[in-house]
$ cat protein.cif   # mmCIF, C-alpha atoms
data_my_file
loop_
_atom_site.label_atom_id
_atom_site.label_comp_id
_atom_site.auth_asym_id
_atom_site.auth_seq_id
_atom_site.Cartn_x
_atom_site.Cartn_y
_atom_site.Cartn_z
CA MET A 27 -5.99 -0.97 15.61
CA THR A 28 -4.74 -1.09 19.15
CA ASN A 29 -4.89 1.97 21.35
CA ASP A 30 -1.15 1.72 21.60
CA ASP A 31 -0.81 2.06 17.82
CA ARG A 32 -3.13 5.08 17.81
CA THR A 33 -1.19 6.68 20.63
CA LEU A 34 2.14 6.11 18.94
CA ILE A 35 0.89 7.46 15.62
CA ALA A 36 -0.54 10.54 17.32
CA ARG A 37 2.80 11.19 19.01
CA VAL A 38 4.62 10.89 15.70
CA LEU A 39 2.27 13.29 13.94
CA THR A 40 1.95 15.91 16.65
CA ALA A 41 5.46 15.89 18.08
CA ASN A 42 7.54 14.24 15.33
CA ASP A 43 8.41 11.69 18.00
CA GLN A 44 10.81 9.32 16.30
CA ARG A 45 11.04 7.14 19.39
CA ALA A 46 7.32 6.50 19.02
CA TYR A 47 7.83 5.55 15.40
CA ARG A 48 10.72 3.27 16.38
CA GLU A 49 8.29 1.51 18.71
CA LEU A 50 5.89 0.99 15.82
CA VAL A 51 8.74 -0.37 13.72
CA ASN A 52 9.77 -2.75 16.51
CA ARG A 53 6.21 -3.95 16.78
CA TYR A 54 5.79 -4.92 13.14
CA GLN A 55 9.29 -5.40 11.74
CA SER A 56 9.55 -9.16 12.23
CA GLN A 57 6.17 -9.89 10.65
CA LEU A 58 6.76 -7.60 7.72
CA ARG A 59 10.29 -8.78 7.06
CA TYR A 60 9.21 -12.41 7.18
CA SER A 61 6.33 -11.69 4.81
CA LEU A 62 8.66 -10.05 2.33
CA ARG A 63 11.14 -12.90 2.63
CA GLN A 64 8.37 -15.31 1.80
CA LEU A 65 7.44 -13.22 -1.23
CA THR A 66 10.95 -12.64 -2.57
CA GLY A 67 12.20 -16.20 -2.70
CA TRP A 68 13.80 -15.80 0.71
CA ASP A 69 16.14 -13.06 -0.43
CA GLU A 70 16.87 -11.66 3.03
CA ALA A 71 18.71 -8.54 1.89
CA LEU A 72 16.03 -7.65 -0.64
CA ALA A 73 13.23 -8.30 1.84
CA ASP A 74 14.88 -6.06 4.42
CA ASP A 75 15.39 -3.32 1.84
CA LEU A 76 11.73 -3.47 0.84
CA ALA A 77 10.66 -3.52 4.47
CA GLN A 78 12.84 -0.53 5.25
CA GLU A 79 11.40 1.42 2.30
CA THR A 80 7.92 0.44 3.46
CA PHE A 81 8.43 1.87 6.93
CA ILE A 82 10.01 5.03 5.56
CA LYS A 83 7.16 5.56 3.12
CA ALA A 84 4.66 4.89 5.88
CA PHE A 85 6.30 7.59 8.00
CA ALA A 86 6.29 10.07 5.12
CA ASN A 87 2.60 9.42 4.46
CA LEU A 88 1.47 9.04 8.04
CA SER A 89 -0.73 12.11 7.85
CA SER A 90 -2.81 10.36 5.16
CA PHE A 91 -3.47 7.36 7.42
CA ARG A 92 -7.12 7.75 8.30
CA GLY A 93 -7.24 5.22 11.13
CA ASP A 94 -10.32 3.44 9.81
CA ALA A 95 -8.17 0.37 9.08
CA ASN A 96 -5.44 -1.22 11.15
CA PHE A 97 -2.02 0.35 10.89
CA TYR A 98 -0.84 -3.16 10.06
CA THR A 99 -3.26 -3.37 7.11
CA TRP A 100 -2.19 0.04 5.85
CA LEU A 101 1.47 -0.91 6.27
CA TYR A 102 0.97 -4.08 4.25
CA ARG A 103 -0.71 -2.10 1.50
CA ILE A 104 2.42 0.04 1.20
CA ALA A 105 4.59 -3.09 1.36
CA TYR A 106 2.62 -4.68 -1.46
CA ARG A 107 3.15 -1.65 -3.67
CA GLN A 108 6.87 -1.70 -2.92
CA PHE A 109 7.02 -5.41 -3.68
CA ALA A 110 4.99 -5.09 -6.88
CA SER A 111 7.14 -2.21 -8.05
CA TYR A 112 10.28 -4.23 -7.46
CA TYR A 113 8.76 -7.27 -9.16
CA ARG A 114 8.05 -5.28 -12.32
CA SER A 115 11.67 -4.20 -12.50
CA ARG A 116 13.32 -7.55 -11.70
CA LYS A 117 14.50 -10.35 -13.94
CA PRO A 118 12.56 -13.65 -13.83
CA THR A 119 13.85 -16.17 -11.27
CA GLU A 120 14.62 -19.81 -11.95
CA PRO A 121 11.59 -22.07 -11.60
CA LEU A 122 11.38 -24.28 -8.52
CA SER A 123 12.26 -27.88 -9.25
CA GLU A 124 9.32 -30.25 -8.84
CA ASN A 125 11.63 -33.08 -7.85
CA GLU A 126 12.90 -31.89 -4.49
CA ASP A 127 14.53 -34.36 -2.15
CA SER A 128 12.05 -35.92 0.23
CA HIS A 129 11.78 -34.52 3.72
CA ASP A 130 11.32 -37.22 6.30
CA ASN A 131 10.93 -35.38 9.62
CA HIS A 132 10.34 -31.99 11.21
CA SER A 133 13.85 -31.19 12.32
CA PRO A 134 14.75 -27.49 12.57
CA ALA A 135 16.64 -27.76 9.28
CA VAL A 136 13.54 -29.21 7.62
CA GLU A 137 11.40 -26.39 9.01
CA THR A 138 13.82 -23.86 7.55
CA ASP A 139 13.60 -25.68 4.23
CA LEU A 140 9.81 -25.44 4.43
CA HIS A 141 9.91 -21.64 4.72
CA ARG A 142 12.43 -21.35 1.93
CA ASP A 143 10.56 -23.71 -0.39
CA ILE A 144 7.28 -21.90 0.19
CA SER A 145 9.01 -18.64 -0.59
CA ARG A 146 10.56 -20.01 -3.77
CA ALA A 147 7.16 -21.27 -4.87
CA LEU A 148 5.48 -17.94 -4.17
CA ALA A 149 8.25 -16.09 -5.98
CA GLN A 150 7.21 -17.82 -9.18
CA LEU A 151 3.74 -16.35 -9.08
CA PRO A 152 2.62 -12.88 -10.17
CA PRO A 153 2.96 -10.42 -7.28
CA GLU A 154 -0.74 -9.87 -6.68
CA GLN A 155 -1.43 -13.60 -6.63
CA ALA A 156 1.56 -14.31 -4.39
CA MET A 157 0.58 -11.58 -1.96
CA ALA A 158 -3.03 -12.76 -1.87
CA LEU A 159 -1.92 -16.31 -1.12
CA HIS A 160 0.57 -15.18 1.52
CA LEU A 161 -2.01 -13.02 3.27
CA HIS A 162 -4.57 -15.80 3.14
CA LEU A 163 -2.46 -18.85 3.94
CA GLN A 164 0.31 -17.44 6.13
CA ARG A 165 -1.38 -14.45 7.72
CA GLU A 166 -4.92 -15.94 7.73
CA HIS A 167 -6.62 -12.80 6.46
CA SER A 168 -10.12 -12.98 5.09
CA HIS A 169 -10.76 -12.37 1.42
CA GLN A 170 -12.30 -9.01 2.30
CA GLU A 171 -9.24 -7.92 4.27
CA ILE A 172 -6.96 -9.00 1.44
CA ALA A 173 -9.05 -7.04 -1.05
CA GLN A 174 -8.54 -3.98 1.16
CA ILE A 175 -4.80 -4.47 1.35
CA LEU A 176 -4.36 -5.10 -2.35
CA ASP A 177 -6.97 -2.50 -3.28
CA SER A 178 -8.49 -5.13 -5.56
CA PRO A 179 -12.07 -6.29 -6.09
CA LEU A 180 -13.16 -9.15 -3.86
CA GLY A 181 -13.83 -11.40 -6.84
CA THR A 182 -10.32 -10.83 -8.16
CA VAL A 183 -8.85 -11.80 -4.81
CA LYS A 184 -10.89 -14.98 -4.65
CA SER A 185 -9.80 -15.85 -8.16
CA HIS A 186 -6.14 -15.22 -7.33
CA ILE A 187 -6.37 -17.46 -4.28
CA GLN A 188 -8.22 -20.25 -6.03
CA ARG A 189 -5.86 -20.37 -8.99
CA GLY A 190 -2.81 -19.74 -6.88
CA ARG A 191 -3.59 -22.63 -4.58
CA GLU A 192 -3.59 -25.02 -7.51
CA LYS A 193 -0.21 -23.75 -8.67
CA LEU A 194 1.24 -23.97 -5.17
CA LYS A 195 0.05 -27.53 -4.78
CA VAL A 196 2.09 -28.48 -7.80
CA LEU A 197 5.12 -26.43 -6.81
CA LEU A 198 5.10 -27.79 -3.26
CA SER A 199 4.05 -31.33 -4.07
CA ALA A 200 7.23 -32.75 -2.55
CA TRP A 201 6.18 -31.44 0.86
CA GLN A 202 2.61 -32.55 0.82
CA THR A 203 3.28 -36.19 1.60
CA THR A 204 5.12 -35.25 4.79
CA VAL A 205 2.54 -33.00 6.42
CA THR A 206 -0.69 -34.43 7.72
CA PRO A 207 -3.81 -32.31 7.08
CA MET B 20 -2.30 -41.54 3.74
CA ASN B 21 -2.84 -38.57 1.46
CA ALA B 22 -6.20 -36.87 1.81
CA PRO B 23 -7.83 -35.78 -1.45
CA ILE B 24 -6.92 -32.23 -2.31
CA SER B 25 -9.94 -30.00 -2.06
CA ASP B 26 -10.50 -27.36 -4.73
CA ASN B 27 -12.79 -25.35 -2.50
CA HIS B 28 -11.06 -23.71 0.43
CA ASN B 29 -14.42 -23.07 2.01
CA ASN B 30 -14.88 -26.80 2.61
CA SER B 31 -14.49 -27.81 6.22
CA GLN B 32 -11.93 -30.43 5.17
CA PRO B 33 -8.50 -28.74 5.10
CA ASP B 34 -6.24 -29.96 2.36
CA GLU B 35 -2.54 -30.59 2.36
CA LEU B 36 -1.67 -27.04 1.33
CA ASP B 37 -3.47 -25.74 4.41
CA ALA B 38 -1.56 -28.20 6.54
CA LEU B 39 1.70 -27.05 5.01
CA PHE B 40 0.98 -23.44 5.82
CA ARG B 41 -0.23 -24.36 9.29
CA ALA B 42 3.21 -25.82 9.86
CA ALA B 43 4.79 -22.69 8.38
CA ARG B 44 2.75 -20.45 10.69
CA ALA B 45 3.61 -22.58 13.72
CA THR B 46 7.33 -22.40 12.97
CA GLU B 47 7.54 -18.84 11.66
CA PRO B 48 10.72 -17.44 13.19
CA TYR B 49 10.86 -14.16 15.06
CA LEU B 50 13.36 -12.02 13.17
CA LYS B 51 15.61 -10.10 15.51
CA ASP B 52 15.97 -6.43 14.83
CA GLY B 53 19.73 -6.53 14.32
CA GLY B 54 19.93 -2.84 13.47
CA PHE B 55 16.93 -2.81 11.15
CA SER B 56 15.08 -0.17 13.17
CA ASP B 57 18.21 1.97 13.28
CA ASN B 58 18.36 1.91 9.48
CA VAL B 59 14.70 2.86 9.22
CA ILE B 60 15.04 5.78 11.63
CA ALA B 61 18.18 6.96 9.84
CA GLY B 62 16.28 7.04 6.55
CA LEU B 63 13.24 8.96 7.79
CA PRO B 64 12.46 12.35 6.27
CA ALA B 65 12.59 15.43 8.48
CA GLN B 66 8.89 15.50 9.24
CA PRO B 67 6.17 12.90 8.99
CA GLY B 68 3.54 13.49 6.36
CA SER B 69 4.12 17.24 6.27
CA ARG B 70 2.46 17.70 2.92
CA LEU B 71 0.53 20.81 2.02
CA SER B 72 -2.77 20.74 0.24
CA ASN B 73 -2.80 21.59 -3.43
CA GLY B 74 -4.35 24.97 -2.65
CA LYS B 75 -1.54 25.88 -0.31
CA LYS B 76 1.07 24.69 -2.78
CA SER B 77 -0.47 26.85 -5.49
CA GLY B 78 -0.56 29.78 -3.12
CA ILE B 79 3.13 29.41 -2.32
CA ILE B 80 4.07 29.27 -6.00
CA LEU B 81 1.83 32.21 -6.90
CA GLY B 82 3.04 34.23 -3.96
CA SER B 83 6.67 33.57 -4.82
CA THR B 84 6.03 34.62 -8.41
CA ILE B 85 4.50 37.91 -7.27
CA LEU B 86 7.33 38.36 -4.80
CA GLY B 87 9.87 37.77 -7.53
CA ALA B 88 8.22 40.28 -9.83
CA GLY B 89 7.98 42.75 -6.97
CA CYS B 90 11.68 42.37 -6.21
CA ALA B 91 12.50 42.94 -9.86
CA ALA B 92 10.27 46.01 -9.99
CA THR B 93 11.90 47.48 -6.92
CA LEU B 94 15.44 46.81 -8.10
CA LEU B 95 14.96 47.94 -11.68
CA PRO B 96 13.32 51.40 -11.95
CA SER B 97 13.10 51.16 -15.72
CA PHE B 98 10.82 48.16 -15.30
CA ALA B 99 8.60 50.01 -12.85
CA THR B 100 8.28 53.18 -14.90
CA SER B 101 8.05 51.94 -18.47
CA ILE B 102 5.46 49.16 -18.47
CA ASN B 103 4.17 50.22 -21.85
CA GLN B 104 7.64 50.15 -23.34
CA TRP B 105 8.13 46.69 -21.90
CA VAL B 106 4.92 45.42 -23.42
CA THR B 107 5.90 46.96 -26.74
CA GLN B 108 9.25 45.34 -26.56
CA ILE B 109 7.74 41.91 -25.82
CA SER B 110 5.60 42.18 -28.91
CA GLY B 111 8.62 43.39 -30.86
CA ALA B 112 11.72 41.53 -31.98
CA THR B 113 13.86 41.84 -28.85
CA LEU B 114 13.64 42.69 -25.17
CA GLY B 115 15.82 45.19 -23.46
CA LEU B 116 18.42 44.10 -20.91
CA PRO B 117 16.59 45.51 -17.86
CA GLU B 118 13.41 43.67 -18.76
CA LEU B 119 15.27 40.44 -19.29
CA ALA B 120 17.00 40.87 -15.96
CA ALA B 121 13.66 41.46 -14.25
CA VAL B 122 12.25 38.26 -15.71
CA ALA B 123 15.37 36.36 -14.73
CA VAL B 124 15.23 37.57 -11.13
CA GLY B 125 11.57 36.62 -10.90
CA LEU B 126 12.21 33.16 -12.29
CA LEU B 127 15.10 32.63 -9.90
CA VAL B 128 12.90 33.47 -6.92
CA VAL B 129 10.18 31.07 -8.13
CA ALA B 130 12.68 28.31 -8.84
CA GLY B 131 14.35 28.75 -5.47
CA THR B 132 11.03 28.59 -3.67
CA VAL B 133 9.99 25.42 -5.49
CA ILE B 134 13.34 23.79 -4.80
CA TRP B 135 13.19 24.74 -1.12
CA ALA B 136 9.60 23.53 -0.79
CA ASN B 137 10.57 20.22 -2.38
CA TYR B 138 13.54 19.90 -0.04
CA ARG B 139 11.23 20.41 2.92
CA GLU B 140 8.89 17.84 1.35
CA TRP B 141 6.05 20.32 1.24
CA ILE B 142 5.31 19.29 -2.39
#
$ encode --input "protein.cif" --output "structure tokens"
Amino acid sequence: MTNDDRTLIARVLTANDQRAYRELVNRYQSQLRYSLRQLTGWDEALADDLAQETFIKAFANLSSFRGDANFYTWLYRIAYRQFASYYRSRKPTEPLSENEDSHDNHSPAVETDLHRDISRALAQLPPEQAMALHLHLQREHSHQEIAQILDSPLGTVKSHIQRGREKLKVLLSAWQTTVTP
Amino acid sequence: MNAPISDNHNNSQPDELDALFRAARATEPYLKDGGFSDNVIAGLPAQPGSRLSNGKKSGIILGSTILGAGCAATLLPSFATSINQWVTQISGATLGLPELAAVAVGLLVVAGTVIWANYREWI
């Protein structure tokens, strides 16, 4: 955790400094909102609602943040719980078609399609698996870090990632001929 | 040419899924705030993490109960001077009006304290 994060958190806890908390929000809002968009099938309104609830819950529980992990890691743990809670209450989404139109170049529109298609694929997976894959593939966290965030055993995380990768390969097969490893 | 898809992510040879997410990471957009932070700040509770320990919570509830009973005892002399009668009445069929009023006042004080503590997010 950066010294800046520690300083801001200390100011929030000791002086109820909401400007300090706004700074923390500014620092992590884009990452978190994008993550939740990728997990919710690119539902921007839903992702922002979940992100907002995450930051509010983080504020309310800030005194329980021990500082032994990154604030970012702790924030994502709260976000995962919010996402999983929503997932349990939602209706199932339509499955992603496996016969998407081919994508022949990396124009900005194609890049947007990539983000949306990844999100639609992840949205078809169970929340813990989707989050593990997102944290591993998009955020490049180690298995150990993911296990911390999800509060899951390391072996479970590895299993989620291994199985999830196979599912994603099928769901995103239309993209895989256009991107060179 | 399509490289064979590796089942083991620990292999040094990245597969096409890794390449896909590398492209996603490289093109991840920065999401402008657009009022998001304002909404978060507007939804914050009064104080951050101002939660009491369980011992303190219990102390508040116990103290408010004693306070409520004390208020009832002060306001209702019959309650203060006829404890035996009150006990007898509890074990009997009915309670007298003063005793019921004392219990009601005490419960109101406890309920009000719990409600106020919850409002302040102490519990």
$ residues_near_point --input "protein.cif" --point "(-5.5, -11.9, -0.1)" --cutoff "9 Å" --atoms "all atoms listed in the file" --output "ChimeraX atom specification"
/A:154-163,166-176,180,183-184,186-187
$ resolve_selection --input "protein.cif" --expression "the PyMOL selection byres ((chain B and resi 86) around 12)" --output "list in words"
Gly78, Ile79, Ile80, Leu81, Gly82, Ser83, Thr84, Ile85, Gly87, Ala88, Gly89, Cys90, Ala91, Ala92, Thr93, Ala121, Val122, Val124, Gly125, Leu126, Leu127, Val128, Val129, Gly131 and Thr132 of chain B
$ residues_around --input "protein.cif" --residues "Ala46 in chain A" --least-positions-apart "4" --cutoff "8 Å" --atoms "all atoms listed in the file" --output "PyMOL selection string"
chain A and resi 34-35+37-38+50
$ resolve_selection --input "protein.cif" --expression "the PyMOL selection byres ((chain A) within 8 of (chain B))" --output "ChimeraX atom specification"
/A:38-39,42,44,48,51-52,55-57,59-60,74,78-79,81-82,85-90,137,140-141,163-165,188,191-192,194-195,201-203,205-207
$ atom_distance --input "protein.cif" --atom1 "CA of Arg53 in chain A" --atom2 "CA of Tyr98 in chain A"
9.8 Å
$ atom_distance --input "protein.cif" --atom1 "CA of Gly53 in chain B" --atom2 "CA of Asn96 in chain A"
25.9 Å
$ atom_distance --input "protein.cif" --atom1 "CA of Tyr113 in chain A" --atom2 "CA of Leu58 in chain A"
17.0 Å
$ closest_residue --input "protein.cif" --among "A:Pro179, A:Gly190, A:Gly67, A:Gly93" --to "Pro152 in chain A" --atoms "all atoms listed in the file"
A:Gly190
$ resolve_selection --input "protein.cif" --expression "the PyMOL selection byres ((chain A and resi 80) around 9)" --output "list in words"
Asp75, Leu76, Ala77, Gln78, Glu79, Phe81, Ile82, Lys83, Ala84, Phe85, Leu101, Tyr102, Ile104, Ala105, Tyr106, Arg107 and Gln108 of chain A
